[in-house]
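> One structure coming up, written as structure tokens, with questions to follow.
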Amino acid sequence: MCDVMKLKGKMVERGYTQERLSEAVGIDKSTMCRRLKTGEDFTVGEANKIVSILNLSSEEATQIFLPVVSH
């Protein structure tokens with residue numbers, strides 16, 4: 001499950017809306033909206049595109065797409 005709040009924060013920092021990012025990644029706007037609302041996982045390919053588009057560091061990418069879940 002991705003860390004939606006961190007991803008949304010990086011989107012804002014880089015000037016990306018959900019619609020603009022969905023177009024850049026090549027997925028439907030409704031799919032992006034659902035994933036950002038529910039935390040549903042992105043595919044590896046989609047995550048890689050987002051990392052590249054938003055120019056995320058390795059640490060940022062790990063925090064967003066591989067968050068540590070505590071029990």
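Each chain in the structure tokens gets a letter, A, B and so on, in the order shown; residues start at 1 in every chain, and ligands are counted from 1 in the order they appear.
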Quick one: residues within 8 Å of Phe65 of chain A, only C-alpha atoms counted, chain neighbours fewer than 6 positions away excluded, as a ChimeraX atom specification?
/A:1-3,41,47
> Using only C-alpha atoms, what table do you get, as a tab-separated table, when you list each residue of segment 32-55 of chain A with an atom no more than 9 Å from segment 25-28 of chain A, its nearest pair of atoms, and their distance in Å rounded to one decimal, rows by chain then rising number?

```
residue	atom	partner	partner_atom	distance
A:Met32	CA	A:Asp28	CA	6.5
A:Cys33	CA	A:Asp28	CA	8.8
A:Glu46	CA	A:Val25	CA	6.3
A:Ala47	CA	A:Val25	CA	8.8
A:Lys49	CA	A:Val25	CA	5.9
A:Ile50	CA	A:Val25	CA	6.6
A:Ile53	CA	A:Val25	CA	8.0
```
> Taking the backbone alone, and naming residues the way the document does, which bits of chain A are helix (DSSP H, G or I) by DSSP, as a ChimeraX atom specification?
/A:4-14,18-25,29-38,44-53,58-65
> Select, from A:Ser22, A:Gly15, A:Val44, A:Lys29, the residue with the minimum atom-to-atom distance to Leu66 of chain A, counting only C-alpha atoms.
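Looking at the shortest contact to Leu66 of chain A, the residue is A:Val44.
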> Between A:Thr43, A:Pro67, A:Leu36, A:Leu54, single out the one closest to Val12 of chain A, counting only C-alpha atoms.
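Looking only at the distances to Val12 of chain A, the closest residue turns out to be A:Leu54.
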